[in-house]
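Next up, data_14.cif (mmCIF, C-alpha atoms):
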data_entry
loop_
_atom_site.group_PDB
_atom_site.id
_atom_site.type_symbol
_atom_site.label_atom_id
_atom_site.label_comp_id
_atom_site.auth_asym_id
_atom_site.auth_seq_id
_atom_site.Cartn_x
_atom_site.Cartn_y
_atom_site.Cartn_z
ATOM 1 C CA MET A 1 17.375 7.431 20.318
ATOM 2 C CA ASP A 2 13.854 5.971 20.125
ATOM 3 C CA LYS A 3 13.512 7.312 16.570
ATOM 4 C CA LEU A 4 16.825 5.826 15.491
ATOM 5 C CA THR A 5 15.864 2.482 17.028
ATOM 6 C CA ALA A 6 12.558 2.442 15.142
ATOM 7 C CA LEU A 7 14.446 3.106 11.911
ATOM 8 C CA PHE A 8 16.950 0.331 12.652
ATOM 9 C CA ALA A 9 14.235 -2.149 13.672
ATOM 10 C CA GLY A 10 12.502 -1.426 10.355
ATOM 11 C CA LEU A 11 15.783 -1.982 8.535
ATOM 12 C CA LEU A 12 16.189 -5.415 10.147
ATOM 13 C CA PHE A 13 12.577 -6.283 9.303
ATOM 14 C CA GLY A 14 12.932 -5.263 5.646
ATOM 15 C CA ALA A 15 16.258 -7.076 5.346
ATOM 16 C CA GLY A 16 14.683 -10.233 6.801
ATOM 17 C CA LEU A 17 11.698 -10.127 4.438
ATOM 18 C CA THR A 18 14.001 -9.632 1.464
ATOM 19 C CA LEU A 19 16.762 -12.125 2.356
ATOM 20 C CA SER A 20 14.130 -14.817 2.967
ATOM 21 C CA GLY A 21 12.546 -14.150 -0.443
ATOM 22 C CA MET A 22 9.165 -13.295 1.110
ATOM 23 C CA VAL A 23 9.020 -10.068 -0.935
ATOM 24 C CA ASN A 24 8.469 -12.300 -3.978
ATOM 25 C CA PRO A 25 4.714 -13.002 -3.991
ATOM 26 C CA MET A 26 5.110 -16.055 -6.245
ATOM 27 C CA LYS A 27 7.342 -17.665 -3.609
ATOM 28 C CA VAL A 28 4.694 -17.048 -0.945
ATOM 29 C CA GLN A 29 1.869 -18.291 -3.173
ATOM 30 C CA ASN A 30 3.947 -21.410 -3.918
ATOM 31 C CA PHE A 31 4.113 -22.032 -0.153
ATOM 32 C CA MET A 32 0.313 -22.129 -0.152
ATOM 33 C CA ASP A 33 0.268 -24.542 -3.097
ATOM 34 C CA ILE A 34 0.828 -27.678 -1.018
ATOM 35 C CA PHE A 35 -0.618 -29.908 -3.744
ATOM 36 C CA GLY A 36 1.364 -28.291 -6.567
ATOM 37 C CA ARG A 37 4.606 -26.257 -6.792
ATOM 38 C CA TRP A 38 5.112 -26.372 -3.035
ATOM 39 C CA ASP A 39 7.966 -24.221 -1.678
ATOM 40 C CA PRO A 40 8.143 -24.733 2.115
ATOM 41 C CA THR A 41 10.474 -21.743 2.711
ATOM 42 C CA LEU A 42 7.826 -19.610 4.466
ATOM 43 C CA LEU A 43 7.532 -22.266 7.177
ATOM 44 C CA PHE A 44 11.242 -21.833 7.972
ATOM 45 C CA VAL A 45 10.921 -18.032 8.024
ATOM 46 C CA MET A 46 7.983 -18.188 10.436
ATOM 47 C CA ALA A 47 9.633 -20.820 12.653
ATOM 48 C CA ALA A 48 12.879 -18.862 12.999
ATOM 49 C CA ALA A 49 11.094 -15.534 13.544
ATOM 50 C CA LEU A 50 8.799 -17.110 16.140
ATOM 51 C CA ALA A 51 11.630 -18.802 18.047
ATOM 52 C CA VAL A 52 13.692 -15.589 18.232
ATOM 53 C CA THR A 53 10.666 -13.447 19.143
ATOM 54 C CA TYR A 54 9.446 -15.884 21.801
ATOM 55 C CA ALA A 55 12.865 -16.103 23.491
ATOM 56 C CA GLY A 56 13.550 -12.371 23.109
ATOM 57 C CA TYR A 57 10.139 -11.332 24.489
ATOM 58 C CA GLN A 58 10.801 -13.475 27.583
ATOM 59 C CA MET A 59 13.958 -11.471 28.184
ATOM 60 C CA VAL A 60 12.881 -7.911 27.369
ATOM 61 C CA LEU A 61 9.468 -8.140 29.049
ATOM 62 C CA LYS A 62 11.192 -8.802 32.381
ATOM 63 C CA ALA A 63 12.240 -5.144 32.464
ATOM 64 C CA PRO A 64 9.875 -2.763 34.277
ATOM 65 C CA ARG A 65 9.477 -0.721 31.101
ATOM 66 C CA PRO A 66 10.920 -0.421 27.596
ATOM 67 C CA ARG A 67 14.317 1.256 27.228
ATOM 68 C CA PHE A 68 13.027 4.389 25.449
ATOM 69 C CA ALA A 69 9.307 4.486 26.324
ATOM 70 C CA LEU A 70 7.061 4.696 29.374
ATOM 71 C CA ALA A 71 5.300 1.346 29.106
ATOM 72 C CA PHE A 72 4.918 -1.816 27.050
ATOM 73 C CA ILE A 73 1.864 -1.523 24.799
ATOM 74 C CA ILE A 74 0.661 -5.136 24.740
ATOM 75 C CA PRO A 75 -2.655 -5.958 23.012
ATOM 76 C CA SER A 76 -5.187 -6.561 25.771
ATOM 77 C CA LEU A 77 -8.110 -8.038 23.859
ATOM 78 C CA GLN A 78 -9.042 -11.574 24.871
ATOM 79 C CA GLY A 79 -11.551 -13.962 23.416
ATOM 80 C CA ILE A 80 -12.513 -15.001 19.909
ATOM 81 C CA ASP A 81 -15.112 -12.838 18.176
ATOM 82 C CA GLU A 82 -16.687 -12.496 14.730
ATOM 83 C CA ARG A 83 -14.363 -9.659 13.754
ATOM 84 C CA LEU A 84 -11.242 -11.698 14.448
ATOM 85 C CA ILE A 85 -12.511 -14.667 12.429
ATOM 86 C CA GLY A 86 -14.156 -12.652 9.667
ATOM 87 C CA GLY A 87 -11.065 -10.482 9.273
ATOM 88 C CA ALA A 88 -8.789 -13.526 9.084
ATOM 89 C CA VAL A 89 -11.029 -15.136 6.425
ATOM 90 C CA VAL A 90 -11.039 -12.007 4.239
ATOM 91 C CA PHE A 91 -7.302 -11.488 4.737
ATOM 92 C CA GLY A 92 -6.610 -15.148 3.868
ATOM 93 C CA LEU A 93 -8.581 -14.848 0.603
ATOM 94 C CA GLY A 94 -6.614 -11.747 -0.445
ATOM 95 C CA TRP A 95 -3.290 -13.227 0.632
ATOM 96 C CA GLY A 96 -3.936 -16.410 -1.353
ATOM 97 C CA LEU A 97 -5.140 -14.518 -4.418
ATOM 98 C CA THR A 98 -2.010 -12.331 -4.598
ATOM 99 C CA GLY A 99 0.743 -13.918 -2.479
ATOM 100 C CA PHE A 100 1.133 -10.557 -0.738
ATOM 101 C CA CYS A 101 0.547 -9.633 2.898
ATOM 102 C CA PRO A 102 1.147 -6.079 4.165
ATOM 103 C CA GLY A 103 4.867 -6.198 5.127
ATOM 104 C CA PRO A 104 6.295 -7.865 2.018
ATOM 105 C CA ALA A 105 4.009 -5.816 -0.252
ATOM 106 C CA ILE A 106 5.266 -2.518 1.182
ATOM 107 C CA ALA A 107 8.918 -3.652 1.173
ATOM 108 C CA SER A 108 8.586 -4.867 -2.440
ATOM 109 C CA LEU A 109 7.756 -1.326 -3.611
ATOM 110 C CA VAL A 110 11.486 -0.594 -3.819
ATOM 111 C CA PHE A 111 11.938 -3.099 -6.656
ATOM 112 C CA GLY A 112 9.823 -0.986 -8.985
ATOM 113 C CA TYR A 113 7.155 -3.390 -10.252
ATOM 114 C CA TRP A 114 3.648 -2.069 -10.920
ATOM 115 C CA PRO A 115 1.735 -4.905 -9.168
ATOM 116 C CA SER A 116 3.373 -3.868 -5.863
ATOM 117 C CA VAL A 117 2.064 -0.347 -6.370
ATOM 118 C CA TRP A 118 -1.483 -1.442 -7.301
ATOM 119 C CA PHE A 119 -1.577 -3.803 -4.344
ATOM 120 C CA VAL A 120 -0.407 -1.249 -1.753
ATOM 121 C CA ILE A 121 -2.812 1.455 -3.007
ATOM 122 C CA ALA A 122 -5.755 -0.989 -2.902
ATOM 123 C CA MET A 123 -4.666 -2.274 0.519
ATOM 124 C CA ALA A 124 -4.431 1.262 1.909
ATOM 125 C CA ALA A 125 -7.933 1.978 0.562
ATOM 126 C CA GLY A 126 -9.261 -1.213 2.187
ATOM 127 C CA MET A 127 -7.599 -0.339 5.488
ATOM 128 C CA ALA A 128 -8.918 3.234 5.447
ATOM 129 C CA ILE A 129 -12.461 2.017 4.734
ATOM 130 C CA ALA A 130 -12.252 -0.717 7.409
ATOM 131 C CA ARG A 131 -10.955 1.812 9.946
ATOM 132 C CA HIS A 132 -13.845 4.101 9.116
ATOM 133 C CA LEU A 133 -16.455 1.314 9.308
ATOM 134 C CA PHE A 134 -15.175 -0.773 12.204
ATOM 135 C CA LEU A 135 -12.827 1.324 14.344
ATOM 136 C CA GLY A 136 -12.870 4.800 15.807
ATOM 137 C CA THR A 137 -10.844 7.093 13.542
ATOM 138 C CA ASP A 138 -7.900 7.249 15.961
ATOM 139 C CA GLU A 139 -7.966 3.647 17.091
ATOM 140 C CA SER A 140 -5.247 1.190 16.056
ATOM 141 C CA PRO A 141 -5.857 -2.362 14.897
ATOM 142 C CA SER A 142 -6.336 -4.389 18.057
ATOM 143 C CA ASP A 143 -3.582 -7.002 17.976
ATOM 144 C CA GLY A 144 -0.773 -5.740 15.803
ATOM 145 C CA MET B 1 9.209 -9.098 -14.964
ATOM 146 C CA ASN B 2 5.785 -7.568 -14.547
ATOM 147 C CA GLN B 3 2.581 -9.541 -14.194
ATOM 148 C CA LEU B 4 2.805 -13.202 -15.254
ATOM 149 C CA ASP B 5 4.553 -13.907 -18.520
ATOM 150 C CA GLY B 6 5.212 -17.566 -17.758
ATOM 151 C CA THR B 7 8.683 -17.138 -16.231
ATOM 152 C CA ASN B 8 9.708 -17.549 -12.598
ATOM 153 C CA LEU B 9 6.641 -19.631 -11.777
ATOM 154 C CA VAL B 10 8.667 -22.224 -9.884
ATOM 155 C CA THR B 11 10.616 -21.014 -6.846
ATOM 156 C CA ALA B 12 13.428 -22.971 -5.218
ATOM 157 C CA PHE B 13 13.142 -24.150 -1.622
ATOM 158 C CA THR B 14 15.704 -21.997 0.231
ATOM 159 C CA PRO B 15 15.722 -23.068 3.888
ATOM 160 C CA LEU B 16 18.958 -21.311 4.876
ATOM 161 C CA SER B 17 18.057 -17.861 3.599
ATOM 162 C CA GLY B 18 14.568 -18.497 4.997
ATOM 163 C CA LEU B 19 15.929 -19.200 8.474
ATOM 164 C CA SER B 20 18.376 -16.251 8.289
ATOM 165 C CA GLY B 21 15.643 -13.863 7.190
ATOM 166 C CA GLY B 22 13.340 -15.189 9.893
ATOM 167 C CA ILE B 23 16.006 -14.540 12.542
ATOM 168 C CA LEU B 24 16.347 -10.914 11.342
ATOM 169 C CA ILE B 25 12.562 -10.445 11.532
ATOM 170 C CA GLY B 26 12.575 -11.895 15.062
ATOM 171 C CA LEU B 27 15.427 -9.609 16.138
ATOM 172 C CA SER B 28 13.489 -6.642 14.780
ATOM 173 C CA ALA B 29 10.394 -7.636 16.790
ATOM 174 C CA VAL B 30 12.421 -8.073 20.002
ATOM 175 C CA LEU B 31 14.237 -4.755 19.508
ATOM 176 C CA LEU B 32 10.983 -2.869 18.917
ATOM 177 C CA MET B 33 9.421 -4.368 22.055
ATOM 178 C CA GLY B 34 12.506 -3.917 24.249
ATOM 179 C CA ALA B 35 13.205 -0.358 23.151
ATOM 180 C CA LEU B 36 9.795 1.151 22.315
ATOM 181 C CA GLY B 37 7.424 -1.343 23.934
ATOM 182 C CA ARG B 38 5.604 -1.926 20.650
ATOM 183 C CA VAL B 39 4.421 -4.917 18.640
ATOM 184 C CA ALA B 40 6.127 -5.275 15.239
ATOM 185 C CA GLY B 41 2.878 -5.811 13.348
ATOM 186 C CA ILE B 42 2.857 -4.155 9.942
ATOM 187 C CA THR B 43 -0.922 -3.638 9.958
ATOM 188 C CA GLY B 44 -0.707 -1.836 13.305
ATOM 189 C CA ILE B 45 2.237 0.200 12.038
ATOM 190 C CA PHE B 46 0.875 1.129 8.593
ATOM 191 C CA ALA B 47 -2.898 1.562 9.133
ATOM 192 C CA PRO B 48 -2.718 4.421 11.705
ATOM 193 C CA LEU B 49 -0.646 6.432 9.206
ATOM 194 C CA LEU B 50 -3.743 6.581 6.973
ATOM 195 C CA GLY B 51 -5.647 8.606 9.571
ATOM 196 C CA ARG B 52 -5.063 11.950 11.202
ATOM 197 C CA TRP B 53 -1.434 12.534 12.261
ATOM 198 C CA ARG B 54 -0.674 11.720 15.890
ATOM 199 C CA PRO B 55 2.594 11.944 17.823
ATOM 200 C CA ASP B 56 3.164 8.176 17.995
ATOM 201 C CA ASN B 57 2.995 7.978 14.204
ATOM 202 C CA ALA B 58 6.585 9.234 13.992
ATOM 203 C CA TRP B 59 8.172 5.924 14.998
ATOM 204 C CA ARG B 60 5.745 4.121 12.658
ATOM 205 C CA ALA B 61 6.824 6.183 9.652
ATOM 206 C CA LEU B 62 10.489 5.712 10.542
ATOM 207 C CA PHE B 63 10.044 1.942 10.906
ATOM 208 C CA LEU B 64 8.540 1.765 7.406
ATOM 209 C CA ILE B 65 11.298 3.940 5.920
ATOM 210 C CA GLY B 66 13.813 1.598 7.560
ATOM 211 C CA MET B 67 11.963 -1.376 6.090
ATOM 212 C CA LEU B 68 12.268 0.035 2.551
ATOM 213 C CA ALA B 69 15.959 0.776 3.141
ATOM 214 C CA GLY B 70 16.521 -2.761 4.455
ATOM 215 C CA ALA B 71 14.982 -4.222 1.301
ATOM 216 C CA ILE B 72 17.154 -2.090 -1.002
ATOM 217 C CA LEU B 73 20.306 -2.771 1.017
ATOM 218 C CA THR B 74 19.760 -6.533 1.047
ATOM 219 C CA ALA B 75 19.341 -6.606 -2.732
ATOM 220 C CA LEU B 76 22.407 -4.376 -3.250
ATOM 221 C CA LEU B 77 24.515 -6.680 -1.061
ATOM 222 C CA GLY B 78 23.461 -9.679 -3.166
ATOM 223 C CA GLY B 79 20.993 -11.187 -0.687
ATOM 224 C CA PHE B 80 18.106 -11.098 -3.145
ATOM 225 C CA ASP B 81 17.682 -10.999 -6.924
ATOM 226 C CA SER B 82 14.639 -8.898 -7.793
ATOM 227 C CA ASP B 83 14.659 -10.298 -11.354
ATOM 228 C CA SER B 84 13.447 -13.569 -9.826
ATOM 229 C CA MET B 85 10.164 -11.951 -8.753
ATOM 230 C CA ALA B 86 6.821 -12.888 -10.296
ATOM 231 C CA PHE B 87 3.354 -11.589 -9.553
ATOM 232 C CA PRO B 88 0.425 -14.025 -9.640
ATOM 233 C CA GLY B 89 -2.766 -13.073 -11.454
ATOM 234 C CA ASN B 90 -3.485 -9.844 -13.307
ATOM 235 C CA PRO B 91 -3.982 -6.180 -12.359
ATOM 236 C CA LEU B 92 -7.626 -6.839 -11.446
ATOM 237 C CA THR B 93 -6.876 -9.716 -9.050
ATOM 238 C CA THR B 94 -4.015 -7.686 -7.580
ATOM 239 C CA VAL B 95 -6.310 -4.755 -6.776
ATOM 240 C CA VAL B 96 -9.117 -6.978 -5.476
ATOM 241 C CA GLY B 97 -6.622 -8.960 -3.381
ATOM 242 C CA GLY B 98 -5.014 -5.815 -1.985
ATOM 243 C CA PHE B 99 -8.420 -4.463 -1.030
ATOM 244 C CA LEU B 100 -9.359 -7.739 0.732
ATOM 245 C CA VAL B 101 -6.025 -7.770 2.590
ATOM 246 C CA GLY B 102 -6.603 -4.172 3.731
ATOM 247 C CA ILE B 103 -10.156 -4.823 4.974
ATOM 248 C CA GLY B 104 -9.299 -8.192 6.539
ATOM 249 C CA THR B 105 -6.169 -7.138 8.414
ATOM 250 C CA VAL B 106 -7.776 -4.082 10.015
ATOM 251 C CA LEU B 107 -11.007 -5.946 10.838
ATOM 252 C CA GLY B 108 -9.074 -8.931 12.235
ATOM 253 C CA GLY B 109 -6.644 -6.750 14.185
ATOM 254 C CA GLY B 110 -3.409 -7.813 12.514
ATOM 255 C CA CYS B 111 -1.601 -9.764 9.812
ATOM 256 C CA THR B 112 1.225 -12.281 9.409
ATOM 257 C CA SER B 113 3.610 -10.230 11.559
ATOM 258 C CA GLY B 114 1.288 -8.914 14.288
ATOM 259 C CA HIS B 115 -0.708 -12.121 14.776
ATOM 260 C CA GLY B 116 1.505 -14.770 13.140
ATOM 261 C CA ILE B 117 4.814 -13.801 14.752
ATOM 262 C CA CYS B 118 4.430 -11.307 17.621
ATOM 263 C CA GLY B 119 1.022 -12.569 18.787
ATOM 264 C CA ILE B 120 1.883 -16.257 18.772
ATOM 265 C CA ALA B 121 5.245 -15.448 20.441
ATOM 266 C CA ARG B 122 3.348 -14.034 23.412
ATOM 267 C CA LEU B 123 1.068 -17.103 23.338
ATOM 268 C CA SER B 124 -2.068 -15.110 22.456
ATOM 269 C CA VAL B 125 -4.968 -17.468 21.700
ATOM 270 C CA ARG B 126 -6.551 -14.805 19.457
ATOM 271 C CA SER B 127 -3.399 -14.708 17.345
ATOM 272 C CA MET B 128 -3.138 -18.496 17.120
ATOM 273 C CA VAL B 129 -6.758 -18.738 15.949
ATOM 274 C CA SER B 130 -6.346 -15.843 13.502
ATOM 275 C CA THR B 131 -3.169 -17.331 12.006
ATOM 276 C CA ALA B 132 -4.748 -20.780 11.607
ATOM 277 C CA VAL B 133 -7.789 -19.224 9.888
ATOM 278 C CA PHE B 134 -5.934 -16.943 7.459
ATOM 279 C CA MET B 135 -3.415 -19.687 6.597
ATOM 280 C CA PHE B 136 -6.246 -22.159 5.923
ATOM 281 C CA PHE B 137 -8.138 -19.712 3.704
ATOM 282 C CA ALA B 138 -4.988 -18.729 1.822
ATOM 283 C CA VAL B 139 -4.181 -22.384 1.085
ATOM 284 C CA ALA B 140 -7.815 -23.058 0.099
ATOM 285 C CA THR B 141 -7.817 -20.008 -2.209
ATOM 286 C CA VAL B 142 -4.640 -21.128 -3.973
ATOM 287 C CA PHE B 143 -6.030 -24.665 -4.300
ATOM 288 C CA MET B 144 -9.158 -23.257 -5.962
ATOM 289 C CA LEU B 145 -7.128 -20.947 -8.205
ATOM 290 C CA ARG B 146 -4.549 -23.440 -9.401
ATOM 291 C CA HIS B 147 -6.237 -26.828 -9.206
ATOM 292 C CA VAL B 148 -9.941 -26.063 -9.782
ATOM 293 C CA ILE B 149 -9.981 -22.944 -11.985
ATOM 294 C CA GLY B 150 -6.598 -23.764 -13.516
ATOM 295 C CA ALA B 151 -4.713 -20.475 -13.140
ATOM 296 C CA SER B 152 -0.923 -20.574 -13.277
#

Produce C-alpha cells that represent the structure in this file.
Amino acid sequence: MDKLTALFAGLLFGAGLTLSGMVNPMKVQNFMDIFGRWDPTLLFVMAAALAVTYAGYQMVLKAPRPRFALAFIIPSLQGIDERLIGGAVVFGLGWGLTGFCPGPAIASLVFGYWPSVWFVIAMAAGMAIARHLFLGTDESPSDG
Amino acid sequence: MNQLDGTNLVTAFTPLSGLSGGILIGLSAVLLMGALGRVAGITGIFAPLLGRWRPDNAWRALFLIGMLAGAILTALLGGFDSDSMAFPGNPLTTVVGGFLVGIGTVLGGGCTSGHGICGIARLSVRSMVSTAVFMFFAVATVFMLRHVIGAS
C-alpha cells in the first residue's frame, strides 16, 4: 500500500506541474522577467500549493505516525549557514538561466525535447558531484 | 519546438490552471506526509537515487515514475499542450544551468518543492530564507540575460 501511495502521490505531483504549465521552462522564466514578458502564473501555483500543504500538514501531523510508515521524517536542521545560502544562490542562477528546477525538468522528459534530456543529465551530474563533495555518500539532502 | 526558434516566447497568464495545478501539488505533498511521513521535495527524492541503492529508494523511484505518468496523462486529457513549450538559451546554457541546479539544490538541501512548498508550509526559517535567496537570484539572472545582455 505504501508503494502504491508513493506512485499515486507522484502522479498528482506530475499532473499538477503539467496542468499549471510549470513544465514549460519559458513560462517559468517569464515569471522571473518582472520587467519584461512577466507571466505571474507561478505565483498562483506556489500560493495554492502552499495553502493546501500548510492546512494538510496541520491535519496529518496530528497523527502519532504516518499511515504506512513508522515515523514522520521531518528535516531537523535549524539555523542559517553558508551551505544553505550558497546552495540557494547557485540554484537560483541555474534556475534563472534555464527556467528549469528539478521537478518540472524531470516531468518534462516525457514530452521528448532534447533540452529536457541535456538538463536532467547535467543536473544529475551536478547532484552526484555535490553529494560526493558535501555529503556522506548515503546522506540525503537536508531539507527536502 | 526545440531550442529557441523565436516562437512561443510569450506565455499567457493562466491563473486558473495555475491554481488547479498548485492544489494538486499540495495534495501530493500532504498525501506523501500523511501516508509515508516524507517531504515531497524533488531534490530529496531524486538525488539519493544517484547513490548506492538503499531500501527507502523504492518509494522514491515509484514517486518519480508516477510523476512522469501524471505529466503524460495530463497532456493526453487536454490539460497541457506540449507544442507550446519553448526552451530558453542554447544547449550550452542548458547544460551549465542544469549543472548549477544540481550542485545548488544538493548543497542548499532542497529546491522549489522541498524548501519553497513543503519547508515554508511547516514554517521552516531555513526554507523561507532559501526560497527568498533562490527566487532573488533567479530574477536577477533573468534581468541580466534579457535586459543587460539582450538574450530573448

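In this structure, atom CA of Leu62 of chain B sits 6.9 Å away from atom CA of Lys3 of chain A.
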
6 Å per side around segment 96-110 of chain A: axis-aligned box centre and edge lengths, as JSON:
{"center_x": 3.2, "center_y": -8.5, "center_z": 0.3, "size_x": 28.6, "size_y": 27.8, "size_z": 21.7}

Smallest atom-to-atom distance to Leu145 of chain B: which of B:Gly102, B:Pro88, B:Gly41, B:Ser127, using all atoms listed in the file?
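Looking at the shortest contact to Leu145 of chain B, the residue is B:Pro88.
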
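Remark: for Gly150 of chain B, the closest of the candidate residues A:Gly36, A:Gly94, A:Gly21, A:Pro75 is A:Gly36 (distances computed over all atoms listed in the file).
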
With a distance cut-off of 12 Å and only C-alpha atoms, select the neighbouring residues of Ile85 of chain A, excluding the residue or stretch itself and same-chain residues fewer than 2 positions from it, and output the selection as a PyMOL selection string.
(chain A and resi 79-83+87-92) or (chain B and resi 104-110+126-137)

Contacts of Pro15 of chain B at 8 Å (only C-alpha atoms; same-chain gap of 4+ positions) as a PyMOL selection string:
(chain A and resi 40-41+44) or (chain B and resi 19)

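Counting from atom CA of Thr18 of chain A, the distance to atom CA of Ala71 of chain B is 5.5 Å.
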
Quick check on the file I pasted: which residues fall under the PyMOL selection byres ((chain A and resi 118) around 10)? Write them as a ChimeraX atom specification.
/A:105,109,113-117,119-123 /B:91-92,94-99

Within 12 Å of Phe46 of chain B, counting all atoms listed in the file, which residues show up once you throw out same-chain ones fewer than 4 positions away? Write them as a VMD selection string, please.
(chain A and resid 102 to 103 105 to 107 120 123 to 125 127 to 128 131 140 to 141 144) or (chain B and resid 40 to 42 50 to 51 56 to 65 67 102 105 to 106 110 to 111 114)

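Taking atom CA of Arg67 of chain A as the reference point, atom CA of Leu32 of chain B is found at 9.9 Å.
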
Between A:Ala15, A:Met59, A:Leu7, A:Met26, which one has atoms that come closest to Ser152 of chain B, using all atoms listed in the file?
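For Ser152 of chain B, the nearest of the given residues is A:Met26.
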
Find the spatial neighbours of segment 72-87 of chain B, counting all atoms listed in the file, within a cut-off of 9 Å - ignore same-chain residues fewer than 5 positions away - and output them as a PyMOL selection string.
(chain A and resi 11+14-16+18-21+23-27+98-99+107+110-111+115-116) or (chain B and resi 1-9+11+17+67+94)

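Distances to Leu43 of chain A were evaluated for B:Ile45, B:Val142, B:Ala69, B:Leu16 using all atoms listed in the file, and the minimum falls at B:Leu16.
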
Let me make sure I understand: among A:Ala6, A:Leu135, A:Leu77, A:Ala63, which one has the smallest atom-to-atom distance to Arg38 of chain B if we use all atoms listed in the file?
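For Arg38 of chain B, the nearest of the candidates is A:Ala6.
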
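Listed by chain and then by number, the residues chosen by the PyMOL selection byres ((chain B and resi 123) around 12) in this file are Leu50, Ala51, Thr53, Tyr54, Ala55, Tyr57, Gln58, Pro75 and Gln78 of chain A; His115, Gly116, Ile117, Cys118, Gly119, Ile120, Ala121, Arg122, Ser124, Val125, Arg126, Ser127, Met128 and Val129 of chain B.
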
Go through A:Ala49, A:Asn30, A:Phe100, A:Leu133 and flag the residue nearest chain B, using all atoms listed in the file for the distances.
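Counting all atoms listed in the file, the residue closest to chain B is A:Ala49.
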
Residues within 10 Å of Trp38 of chain A, please, as a PyMOL selection string. Count all atoms listed in the file; anything in the same chain fewer than 5 positions from it doesn't count.
(chain A and resi 27-33) or (chain B and resi 10-13)

Take the PyMOL selection byres ((chain A and resi 73) around 8), run it mentally on this structure, and tell me the resulting residues as number ranges by chain.
A: 71-72, 74-75; B: 37-39
